[in-house]
file protein08.txt (compact mmCIF, C-alpha atoms)
# COMPACT_ATOMS: atom_id res chain seq x y z
CA MET A 23 129.42 131.13 111.83
CA THR A 24 130.80 129.99 115.07
CA ASN A 25 134.40 131.05 114.97
CA GLU A 26 134.68 133.00 111.81
CA VAL A 27 135.08 136.46 110.49
CA LEU A 28 133.04 137.40 107.46
CA GLY A 29 134.39 140.17 105.33
CA VAL A 30 132.63 141.97 102.52
CA ARG A 31 134.39 144.03 99.87
CA ASP A 32 133.63 145.61 96.53
CA ALA A 33 135.48 143.98 93.69
CA GLY A 34 135.29 146.17 90.70
CA PRO A 35 132.27 147.11 88.67
CA GLY A 36 129.20 145.09 89.49
CA ALA A 37 130.75 142.59 91.87
CA ALA A 38 131.10 142.08 95.60
CA ILE A 39 133.09 139.45 97.46
CA ILE A 40 132.15 137.77 100.73
CA ASP A 41 135.26 136.41 102.44
CA ILE A 42 134.37 133.34 104.45
CA LYS A 43 136.66 132.31 107.29
CA GLY A 44 136.14 129.45 109.69
CA GLU A 45 133.03 127.29 109.67
CA VAL A 46 129.82 127.29 107.68
CA THR A 47 127.11 125.48 109.66
CA ALA A 48 123.55 126.12 110.76
CA ALA A 49 124.96 128.61 113.26
CA SER A 50 126.29 130.67 110.37
CA GLU A 51 122.91 131.72 109.02
CA ASP A 52 122.66 135.17 110.61
CA ALA A 53 126.25 136.13 109.85
CA LEU A 54 126.04 134.95 106.26
CA MET A 55 122.77 136.73 105.58
CA VAL A 56 124.06 139.95 107.17
CA ALA A 57 127.14 139.71 104.97
CA PHE A 58 124.93 139.12 101.96
CA GLY A 59 122.94 142.22 102.85
CA GLU A 60 126.13 144.28 103.08
CA ALA A 61 127.35 142.91 99.79
CA ASN A 62 124.09 143.98 98.19
CA GLU A 63 124.31 147.59 99.28
CA SER A 64 125.99 148.48 96.01
CA ARG A 65 123.53 146.34 94.03
CA PRO A 66 126.21 144.23 92.35
CA GLN A 67 125.31 141.96 89.47
CA SER A 68 127.55 139.23 90.85
CA ILE A 69 128.26 137.94 94.33
CA LEU A 70 131.52 136.02 94.81
CA LEU A 71 132.07 133.71 97.78
CA ASN A 72 135.70 133.39 98.81
CA PHE A 73 136.26 129.99 100.44
CA THR A 74 140.03 130.26 100.65
CA ASP A 75 139.96 130.35 104.46
CA LEU A 76 137.09 127.95 104.96
CA ASP A 77 137.88 125.49 107.74
CA TYR A 78 134.77 123.37 107.79
CA MET A 79 131.31 123.13 106.26
CA ASN A 80 128.56 120.61 106.99
CA SER A 81 125.31 119.80 105.23
CA SER A 82 123.47 122.61 106.98
CA GLY A 83 126.06 124.96 105.53
CA ILE A 84 125.28 123.61 102.08
CA GLY A 85 121.61 124.27 102.77
CA LEU A 86 122.46 127.88 103.61
CA LEU A 87 124.23 128.24 100.28
CA VAL A 88 121.09 126.98 98.53
CA THR A 89 118.99 129.67 100.15
CA LEU A 90 121.66 132.24 99.32
CA LEU A 91 121.47 131.06 95.72
CA VAL A 92 117.70 131.54 95.72
CA ARG A 93 118.18 135.08 96.94
CA THR A 94 120.70 135.94 94.25
CA ASN A 95 118.50 134.40 91.56
CA ARG A 96 115.54 136.39 92.83
CA GLN A 97 117.57 139.58 92.42
CA LYS A 98 118.81 138.48 89.01
CA GLN A 99 122.35 138.23 90.30
CA ARG A 100 124.90 135.54 89.64
CA LEU A 101 126.68 133.60 92.36
CA PHE A 102 130.30 132.51 92.06
CA ALA A 103 132.67 130.65 94.34
CA PHE A 104 136.45 130.45 94.43
CA GLY A 105 139.16 129.12 96.69
CA LEU A 106 137.48 125.78 97.32
CA THR A 107 139.70 122.84 98.19
CA ASP A 108 139.38 119.64 96.17
CA HIS A 109 137.28 118.18 98.96
CA TYR A 110 134.72 120.95 98.94
CA ARG A 111 134.68 121.03 95.14
CA GLN A 112 133.58 117.41 95.34
CA ILE A 113 130.93 118.35 97.89
CA PHE A 114 129.60 120.98 95.49
CA GLU A 115 129.43 118.26 92.82
CA LEU A 116 127.83 115.75 95.17
CA THR A 117 125.14 118.23 96.16
CA ARG A 118 124.92 119.47 92.57
CA LEU A 119 125.48 123.04 93.69
CA ASP A 120 128.12 123.26 91.00
CA GLU A 121 125.33 123.31 88.41
CA ALA A 122 124.07 126.62 89.74
CA VAL A 123 127.17 128.27 91.19
CA GLY A 124 130.13 129.17 89.02
CA ILE A 125 133.23 127.64 90.60
CA TYR A 126 136.71 128.98 89.90
CA ASP A 127 140.17 128.45 91.30
CA THR A 128 141.11 132.01 92.00
CA GLU A 129 139.58 135.37 92.68
CA GLY A 130 140.90 136.62 89.36
CA ASP A 131 139.28 133.78 87.44
CA ALA A 132 135.97 134.34 89.20
CA LEU A 133 136.07 138.08 88.59
CA SER A 134 136.81 137.48 84.92
CA ALA A 135 133.86 135.14 84.66
CA ALA A 136 131.70 137.72 86.37
CA GLY A 137 132.89 140.34 83.92
CA ALA A 138 134.19 142.47 86.74
CA SER A 139 137.92 142.37 86.22
CA MET B 6 100.98 120.26 116.29
CA THR B 7 101.42 123.98 116.37
CA THR B 8 102.49 126.33 113.69
CA ASP B 9 104.67 129.38 113.63
CA LYS B 10 106.12 128.76 117.07
CA LEU B 11 109.71 128.72 116.00
CA PRO B 12 112.05 131.66 115.84
CA ASP B 13 112.20 133.13 112.38
CA THR B 14 115.10 131.31 110.94
CA ALA B 15 113.91 131.53 107.38
CA PRO B 16 116.66 132.76 105.17
CA GLU B 17 114.43 134.50 102.71
CA GLU B 18 113.04 137.96 102.67
CA THR B 19 109.84 138.35 104.63
CA PRO B 20 107.61 139.52 101.77
CA LEU B 21 108.15 136.30 99.95
CA ALA B 22 107.68 134.08 102.93
CA GLU B 23 104.46 132.15 103.08
CA THR B 24 103.66 130.29 106.24
CA VAL B 25 101.31 127.45 105.73
CA VAL B 26 100.26 124.25 107.27
CA ALA B 27 101.63 121.62 105.05
CA GLU B 28 100.92 118.05 104.33
CA ALA B 29 103.15 115.14 104.43
CA THR B 30 103.66 112.06 102.49
CA LEU B 31 106.09 109.49 103.23
CA PRO B 32 107.10 106.28 102.93
CA GLU B 33 107.71 102.80 103.43
CA ALA B 34 111.35 102.55 102.93
CA VAL B 35 114.20 100.28 102.53
CA ILE B 36 117.73 101.27 103.18
CA ALA B 37 119.97 99.20 101.18
CA GLU B 38 123.57 99.80 100.77
CA ALA B 39 126.33 101.17 102.90
CA VAL B 40 128.88 102.71 100.62
CA VAL B 41 131.24 104.10 103.15
CA ASP B 42 133.56 106.76 102.01
CA GLU B 43 136.82 105.00 102.61
CA ALA B 44 138.76 107.47 100.55
CA ALA B 45 137.48 110.32 102.66
CA THR B 46 138.26 108.45 105.84
CA GLU B 47 141.86 108.34 104.85
CA THR B 48 142.14 112.01 104.23
CA SER B 49 143.02 114.56 106.84
CA VAL B 50 140.36 117.02 105.77
CA ARG B 51 138.19 117.80 108.76
CA GLY B 52 134.82 116.08 108.45
CA ALA B 53 135.61 114.50 105.11
CA ALA B 54 134.47 111.07 106.25
CA ASN B 55 131.05 112.51 107.06
CA TRP B 56 130.21 112.95 103.39
CA ALA B 57 129.08 110.39 100.83
CA ARG B 58 131.51 109.62 98.07
CA LEU B 59 130.90 111.33 94.76
CA THR B 60 129.55 108.87 92.20
CA ASP B 61 128.00 109.20 88.75
CA SER B 62 124.80 107.48 89.80
CA LEU B 63 123.21 105.71 92.73
CA THR B 64 123.88 102.06 93.43
CA VAL B 65 121.73 99.92 95.66
CA GLY B 66 123.19 97.00 97.54
CA GLU B 67 121.41 93.92 98.80
CA VAL B 68 117.79 94.50 99.64
CA PRO B 69 115.10 92.28 101.12
CA PRO B 70 112.99 90.41 98.53
CA GLU B 71 109.94 92.52 99.24
CA ALA B 72 111.80 95.76 98.52
CA ARG B 73 111.12 97.09 95.07
CA ASN B 74 114.00 98.84 93.35
CA ILE B 75 112.76 100.28 90.08
CA ASN B 76 113.50 103.97 90.48
CA VAL B 77 116.84 104.26 92.22
CA THR B 78 119.66 102.31 90.62
CA GLY B 79 121.29 104.38 87.93
CA ARG B 80 119.53 107.58 88.94
CA ARG B 81 121.38 110.68 90.05
CA GLN B 82 120.84 112.31 93.42
CA THR B 83 118.99 115.63 93.41
CA GLY B 84 118.83 118.66 95.64
CA PRO B 85 116.36 121.53 95.73
CA MET B 86 118.09 123.23 92.80
CA GLN B 87 117.14 120.38 90.48
CA GLY B 88 113.42 120.37 91.32
CA PHE B 89 110.45 121.91 89.55
CA GLY B 90 108.04 123.40 92.06
CA LYS B 91 108.13 126.14 94.65
CA MET B 92 110.91 125.76 97.19
CA TRP B 93 109.80 125.08 100.75
CA GLN B 94 111.71 124.91 104.00
CA LYS B 95 109.86 122.81 106.55
CA THR B 96 111.16 122.58 110.08
CA TYR B 97 109.82 120.24 112.76
CA ARG B 98 111.18 120.43 116.30
CA VAL B 99 110.61 118.71 119.57
CA SER B 100 112.20 119.59 122.92
CA MET B 101 113.34 116.73 125.10
CA THR B 102 112.19 118.52 128.22
CA GLY B 103 112.71 116.42 131.32
CA ALA B 104 114.98 113.92 129.63
CA GLU B 105 118.66 114.01 130.44
CA VAL B 106 119.90 113.28 126.98
CA THR B 107 122.60 114.87 124.86
CA PRO B 108 122.24 115.84 121.20
CA GLN B 109 124.70 113.09 120.32
CA GLU B 110 122.60 110.49 122.13
CA VAL B 111 119.46 111.63 120.33
CA VAL B 112 121.08 111.45 116.91
CA ALA B 113 122.69 108.10 117.68
CA ALA B 114 119.29 106.64 118.60
CA TRP B 115 117.67 108.26 115.57
CA LYS B 116 120.24 106.73 113.24
CA ALA B 117 120.12 103.31 114.85
CA LYS B 118 116.33 103.02 114.99
CA PHE B 119 115.29 105.28 112.15
CA PRO B 120 112.53 102.98 110.80
CA SER B 121 110.99 102.39 114.21
CA PHE B 122 109.96 106.04 114.54
CA TRP B 123 107.93 106.00 111.35
CA PRO B 124 104.14 105.85 111.31
CA ASP B 125 102.41 102.47 111.10
CA GLY B 126 102.22 101.06 107.63
CA ASN B 127 105.53 102.56 106.63
CA ARG B 128 108.35 100.10 106.63
CA PHE B 129 112.01 100.95 106.49
CA TYR B 130 114.62 98.33 105.75
CA GLY B 131 118.07 99.58 106.58
CA PRO B 132 121.53 98.23 107.08
CA LEU B 133 122.11 96.79 110.52
CA THR B 134 124.86 99.30 111.04
CA GLY B 135 122.39 102.19 110.99
CA ILE B 136 122.80 105.21 108.77
CA ALA B 137 126.15 106.12 107.29
CA PRO B 138 127.38 108.42 104.52
CA GLY B 139 126.80 106.81 101.14
CA ASP B 140 123.98 104.53 102.23
CA VAL B 141 121.24 104.27 99.65
CA ALA B 142 117.76 103.64 100.97
CA LEU B 143 114.86 102.25 99.00
CA LEU B 144 111.46 103.67 99.85
CA ASN B 145 108.28 101.78 98.99
CA LEU B 146 105.48 104.19 99.71
CA THR B 147 101.78 103.56 99.99
CA MET B 148 100.03 106.16 97.87
CA PRO B 149 96.37 106.89 97.16
CA GLY B 150 94.72 104.24 95.03
CA ARG B 151 96.82 101.50 96.66
CA LEU B 152 99.74 102.49 94.51
CA LYS B 153 103.06 101.30 95.92
CA LEU B 154 105.50 103.99 94.97
CA SER B 155 109.11 102.94 94.80
CA THR B 156 111.85 105.49 95.31
CA GLY B 157 114.76 106.08 97.68
CA VAL B 158 117.23 108.39 99.38
CA LEU B 159 120.99 108.83 99.57
CA VAL B 160 122.64 109.54 102.91
CA MET B 161 124.60 112.57 101.80
CA TYR B 162 126.09 113.49 105.17
CA ALA B 163 126.22 112.08 108.68
CA ASP B 164 128.05 113.12 111.83
CA GLU B 165 127.38 112.76 115.55
CA GLU B 166 124.83 115.54 115.68
CA SER B 167 123.11 115.36 112.29
CA PHE B 168 122.52 113.42 109.11
CA THR B 169 121.18 114.50 105.74
CA PHE B 170 119.40 112.74 102.88
CA MET B 171 119.29 113.67 99.22
CA THR B 172 116.61 112.27 96.94
CA PRO B 173 117.04 110.49 93.60
CA GLU B 174 115.62 111.63 90.29
CA GLY B 175 111.95 110.68 90.13
CA HIS B 176 111.34 111.05 93.87
CA MET B 177 108.38 113.21 94.85
CA PHE B 178 110.79 115.88 96.03
CA ALA B 179 114.14 117.19 94.99
CA ALA B 180 115.34 117.75 98.52
CA PHE B 181 117.83 117.91 101.32
CA ILE B 182 116.35 116.37 104.48
CA THR B 183 118.42 117.05 107.59
CA PHE B 184 117.90 115.41 110.96
CA SER B 185 119.74 116.99 113.85
CA ALA B 186 119.79 117.66 117.57
CA PHE B 187 121.20 120.57 119.51
CA GLU B 188 121.25 122.00 123.00
CA GLY B 189 119.24 125.15 123.55
CA THR B 190 120.18 128.05 125.77
CA ASP B 191 118.09 126.46 128.52
CA GLY B 192 120.25 123.36 128.36
CA VAL B 193 117.45 121.26 126.93
CA THR B 194 118.17 119.11 123.90
CA THR B 195 115.98 119.68 120.86
CA ALA B 196 115.55 117.26 117.97
CA GLN B 197 114.82 118.67 114.54
CA ALA B 198 113.92 117.48 111.07
CA GLN B 199 114.31 120.08 108.35
CA VAL B 200 113.30 119.54 104.74
CA LEU B 201 114.40 121.89 101.98
CA LEU B 202 112.46 120.79 98.93
CA ARG B 203 110.89 121.42 95.58
CA ALA B 204 108.39 119.03 94.03
CA ASN B 205 110.37 117.19 91.40
CA ASP B 206 107.96 117.65 88.51
CA PRO B 207 104.57 119.20 87.67
CA LEU B 208 102.62 116.09 88.65
CA PHE B 209 104.14 115.98 92.11
CA GLU B 210 103.64 119.75 92.43
CA ILE B 211 99.93 119.22 91.92
CA GLY B 212 100.04 116.39 94.45
CA LEU B 213 101.65 118.65 97.04
CA ALA B 214 98.94 121.25 96.53
CA CYS B 215 96.21 118.60 96.78
CA GLY B 216 97.00 117.11 100.14
CA GLY B 217 100.69 116.25 99.88
CA HIS B 218 101.83 119.04 102.16
CA ARG B 219 99.48 117.97 104.93
CA LYS B 220 100.58 114.36 104.68
CA GLU B 221 104.22 115.43 104.79
CA ASP B 222 103.64 117.36 107.99
CA THR B 223 101.69 114.54 109.55
CA PHE B 224 104.48 112.12 108.82
CA TRP B 225 107.25 114.15 110.37
CA VAL B 226 105.19 115.21 113.38
CA TYR B 227 104.50 111.53 114.06
CA THR B 228 108.18 110.71 113.64
CA LEU B 229 109.37 113.38 116.07
CA THR B 230 106.66 112.49 118.56
CA ALA B 231 107.81 108.88 118.46
CA LEU B 232 111.45 109.95 118.84
CA ALA B 233 110.57 112.00 121.92
CA ALA B 234 108.56 109.12 123.35
CA HIS B 235 111.62 106.91 122.95
CA PHE B 236 113.28 109.15 125.55
CA GLY B 237 110.18 109.23 127.74
CA VAL B 238 109.06 112.67 126.62
CA GLU B 239 105.47 113.53 125.73
CA THR B 240 105.21 116.92 124.08
CA GLU B 241 103.98 118.76 121.03
CA VAL B 242 106.01 119.11 117.86
CA GLU B 243 106.58 122.64 116.63
CA THR B 244 106.26 123.13 112.91
CA GLN B 245 107.39 125.96 110.70
CA VAL B 246 106.78 126.02 106.98
CA VAL B 247 108.24 128.75 104.80
CA CYS B 248 108.08 129.25 101.07
CA VAL B 249 111.67 130.09 100.21
CA ASP B 250 111.05 130.57 96.51
CA LYS B 251 107.63 131.07 94.94
CA ARG B 252 108.89 130.55 91.44
CA ARG B 253 108.62 127.28 89.64
CA GLN B 254 111.53 126.12 87.52
CA TRP B 255 109.73 125.34 84.29
CA ARG B 256 112.88 124.15 82.61
CA ARG B 257 112.74 121.26 85.09
CA ALA B 258 109.26 120.15 83.96
CA LYS B 259 110.91 117.41 81.94
CA ASN B 260 111.84 115.74 85.24
CA ILE B 261 108.49 114.02 84.82
CA ARG B 262 110.16 111.43 82.62
CA TYR B 263 111.53 109.85 85.80
CA ASN B 264 108.32 110.27 87.82
CA SER B 265 108.40 107.41 90.29
CA ALA B 266 104.61 107.32 90.70
CA ILE B 267 104.04 106.84 86.98
CA ARG B 268 106.78 104.27 86.69
CA SER B 269 105.61 102.42 89.80
CA GLY B 270 102.06 102.36 88.44
CA VAL B 271 103.22 100.92 85.15
CA TYR B 272 105.29 98.37 87.04
CA MET B 273 102.29 97.34 89.13
CA MET B 274 100.13 96.91 86.03
CA GLY B 275 102.72 94.53 84.68
CA THR B 276 102.82 92.39 87.80
CA PRO B 277 100.24 89.78 86.63
CA PHE B 278 102.15 89.27 83.38
CA ARG B 279 105.44 88.90 85.17
CA SER B 280 103.86 86.27 87.42
CA LEU B 281 102.74 84.28 84.36
CA ARG B 282 106.20 84.38 82.88
CA ARG B 283 107.88 83.32 86.10
CA PRO B 284 108.93 79.66 85.94
CA ARG B 285 106.98 77.45 88.33
CA THR B 286 108.89 75.52 90.91
CA GLY B 287 108.16 72.53 93.11
CA ARG B 288 105.97 69.45 92.66

call {"tool": "encode", "arguments": {"input": "protein08.txt", "output": "structure tokens"}}
result
Amino acid sequence: MTNEVLGVRDAGPGAAIIDIKGEVTAASEDALMVAFGEANESRPQSILLNFTDLDYMNSSGIGLLVTLLVRTNRQKQRLFAFGLTDHYRQIFELTRLDEAVGIYDTEGDALSAAGAS
Amino acid sequence: MTTDKLPDTAPEETPLAETVVAEATLPEAVIAEAVVDEAATETSVRGAANWARLTDSLTVGEVPPEARNINVTGRRQTGPMQGFGKMWQKTYRVSMTGAEVTPQEVVAAWKAKFPSFWPDGNRFYGPLTGIAPGDVALLNLTMPGRLKLSTGVLVMYADEESFTFMTPEGHMFAAFITFSAFEGTDGVTTAQAQVLLRANDPLFEIGLACGGHRKEDTFWVYTLTALAAHFGVETEVETQVVCVDKRRQWRRAKNIRYNSAIRSGVYMMGTPFRSLRRPRTGR
């Protein structure tokens, strides 16, 4: 990510949250994958992406999320997203990512769906 | 063409990565409609106007008479998640060494003259305005056995430095295809085509394994070579092919009901009968 800070935190039993701030573009690949690696240190069953502070995402960013999804599926994890604006919810629908990623309004909703609250 | 010359940008874990020389297939295309996202243009969300508008299904606008639209209208767009076969990430790059050209200039030319960079025998009919979010392109591809395969693409995203296609149901691939340009650390502009794809159904998966990958590579290498030549650059195209996911999504095998090759073949077989039924004119 070019101007972002990625945070990773445990979120109860079996879940980890990646806080995304700033931009998600092709330049974000290393940071996102490092964050994913950190999130996996506790072997959570669910990974939650927090988009509350997302400023901007382009199609390369969507491509990164697809590869992240492949990784979680490979490890038999589930991927969730919350904090998306209406615009980016529509982008998830357009790209049909919403069919594979659970999308929720709030962190609490996502954690409930992940069974981690 | 060289292989494995690019930095390892593959997002997957190394043990699962397969590097191969692939094969390409592509098309003879027709871009039809420009459905510009007016709603997004009005919004203040950064970059919103760069995305296609969300619709239930694809709509094709006016197309030339020779363009065949039998597998696009009414179909939904697909990405790699909706496909059947292994997931591949194919990256083709060419450096514009010696040409004083910015990434924005490269992408602007690519958008404006997209069909002209395609290999001979592949025709691309697009809107005069170039490529814009929401455009739907019709592709009429020449396949083995003189089959004319009809399919298309949706312009999912376009900005000054990149543009991305999604494919409709029934296309050979369920894919994101991103064309971009960027400036390297040496100040040289590089043009890139990156395809993230799964074969859409079992039949196309077999086709990829039996020569499709190689044709795919050949197509994009030609395209990037032609793009570089447009800026007076003669150089090799670097190719990287990575298997992102070895697993096939068997629940997607039913995608074959939309298989554009089968449907195009059936359509072609019916051509003589349609000619007989067509009312005669003149004299």

call {"tool": "residues_around", "arguments": {"input": "protein08.txt", "residues": "A:Ala61", "least_positions_apart": "2", "cutoff": "10 Å", "atoms": "all atoms listed in the file", "output": "list of chain:residue names"}}
result
A:Gly29, A:Val30, A:Arg31, A:Asp32, A:Ala37, A:Ala38, A:Ile39, A:Ile40, A:Met55, A:Val56, A:Ala57, A:Phe58, A:Gly59, A:Glu63, A:Ser64, A:Arg65, A:Pro66, A:Ser68, A:Ile69, A:Leu70

call {"tool": "interface_residues", "arguments": {"input": "protein08.txt", "of": "chain B", "to": "chain A", "cutoff": "9 Å", "atoms": "all atoms listed in the file", "output": "number ranges by chain"}}
result
B: 14, 16-18, 45, 50-53, 55-60, 82-87, 161-164, 167-169, 171, 181, 183, 201, 249-250, 252

call {"tool": "write_last_selection", "arguments": {"input": "protein08.txt", "atoms": "C-alpha atoms", "output": "mmCIF file, keeping the file's coordinate frame"}}
result
data_model
loop_
_atom_site.group_PDB
_atom_site.id
_atom_site.type_symbol
_atom_site.label_atom_id
_atom_site.label_comp_id
_atom_site.auth_asym_id
_atom_site.auth_seq_id
_atom_site.Cartn_x
_atom_site.Cartn_y
_atom_site.Cartn_z
ATOM 1 C CA THR B 14 115.100 131.310 110.940
ATOM 2 C CA PRO B 16 116.660 132.760 105.170
ATOM 3 C CA GLU B 17 114.430 134.500 102.710
ATOM 4 C CA GLU B 18 113.040 137.960 102.670
ATOM 5 C CA ALA B 45 137.480 110.320 102.660
ATOM 6 C CA VAL B 50 140.360 117.020 105.770
ATOM 7 C CA ARG B 51 138.190 117.800 108.760
ATOM 8 C CA GLY B 52 134.820 116.080 108.450
ATOM 9 C CA ALA B 53 135.610 114.500 105.110
ATOM 10 C CA ASN B 55 131.050 112.510 107.060
ATOM 11 C CA TRP B 56 130.210 112.950 103.390
ATOM 12 C CA ALA B 57 129.080 110.390 100.830
ATOM 13 C CA ARG B 58 131.510 109.620 98.070
ATOM 14 C CA LEU B 59 130.900 111.330 94.760
ATOM 15 C CA THR B 60 129.550 108.870 92.200
ATOM 16 C CA GLN B 82 120.840 112.310 93.420
ATOM 17 C CA THR B 83 118.990 115.630 93.410
ATOM 18 C CA GLY B 84 118.830 118.660 95.640
ATOM 19 C CA PRO B 85 116.360 121.530 95.730
ATOM 20 C CA MET B 86 118.090 123.230 92.800
ATOM 21 C CA GLN B 87 117.140 120.380 90.480
ATOM 22 C CA MET B 161 124.600 112.570 101.800
ATOM 23 C CA TYR B 162 126.090 113.490 105.170
ATOM 24 C CA ALA B 163 126.220 112.080 108.680
ATOM 25 C CA ASP B 164 128.050 113.120 111.830
ATOM 26 C CA SER B 167 123.110 115.360 112.290
ATOM 27 C CA PHE B 168 122.520 113.420 109.110
ATOM 28 C CA THR B 169 121.180 114.500 105.740
ATOM 29 C CA MET B 171 119.290 113.670 99.220
ATOM 30 C CA PHE B 181 117.830 117.910 101.320
ATOM 31 C CA THR B 183 118.420 117.050 107.590
ATOM 32 C CA LEU B 201 114.400 121.890 101.980
ATOM 33 C CA VAL B 249 111.670 130.090 100.210
ATOM 34 C CA ASP B 250 111.050 130.570 96.510
ATOM 35 C CA ARG B 252 108.890 130.550 91.440
#

call {"tool": "atom_distance", "arguments": {"input": "protein08.txt", "atom1": "atom CA of B:Gln199", "atom2": "atom CA of B:Thr96"}}
result
4.4 Å

call {"tool": "atom_distance", "arguments": {"input": "protein08.txt", "atom1": "atom CA of B:Cys215", "atom2": "atom CA of B:Pro149"}}
result
11.7 Å

call {"tool": "closest_residue", "arguments": {"input": "protein08.txt", "among": "B:Val106, B:Ile75, B:Ala234, B:Leu208", "to": "B:Asn145", "atoms": "only C-alpha atoms"}}
result
B:Ile75

call {"tool": "atom_distance", "arguments": {"input": "protein08.txt", "atom1": "atom CA of B:Gly237", "atom2": "atom CA of B:Asn127"}}
result
22.6 Å

call {"tool": "closest_residue", "arguments": {"input": "protein08.txt", "among": "B:Lys251, B:Arg203, B:Arg151, B:Arg262", "to": "B:Asn76", "atoms": "all atoms listed in the file"}}
result
B:Arg262

call {"tool": "closest_residue", "arguments": {"input": "protein08.txt", "among": "B:Ala266, B:Ala186, B:Leu152, B:Val246", "to": "B:Asp206", "atoms": "all atoms listed in the file"}}
result
B:Ala266

call {"tool": "closest_residue", "arguments": {"input": "protein08.txt", "among": "B:Leu143, B:Ile261, B:Met148, B:Val99", "to": "B:Ala198", "atoms": "all atoms listed in the file"}}
result
B:Val99
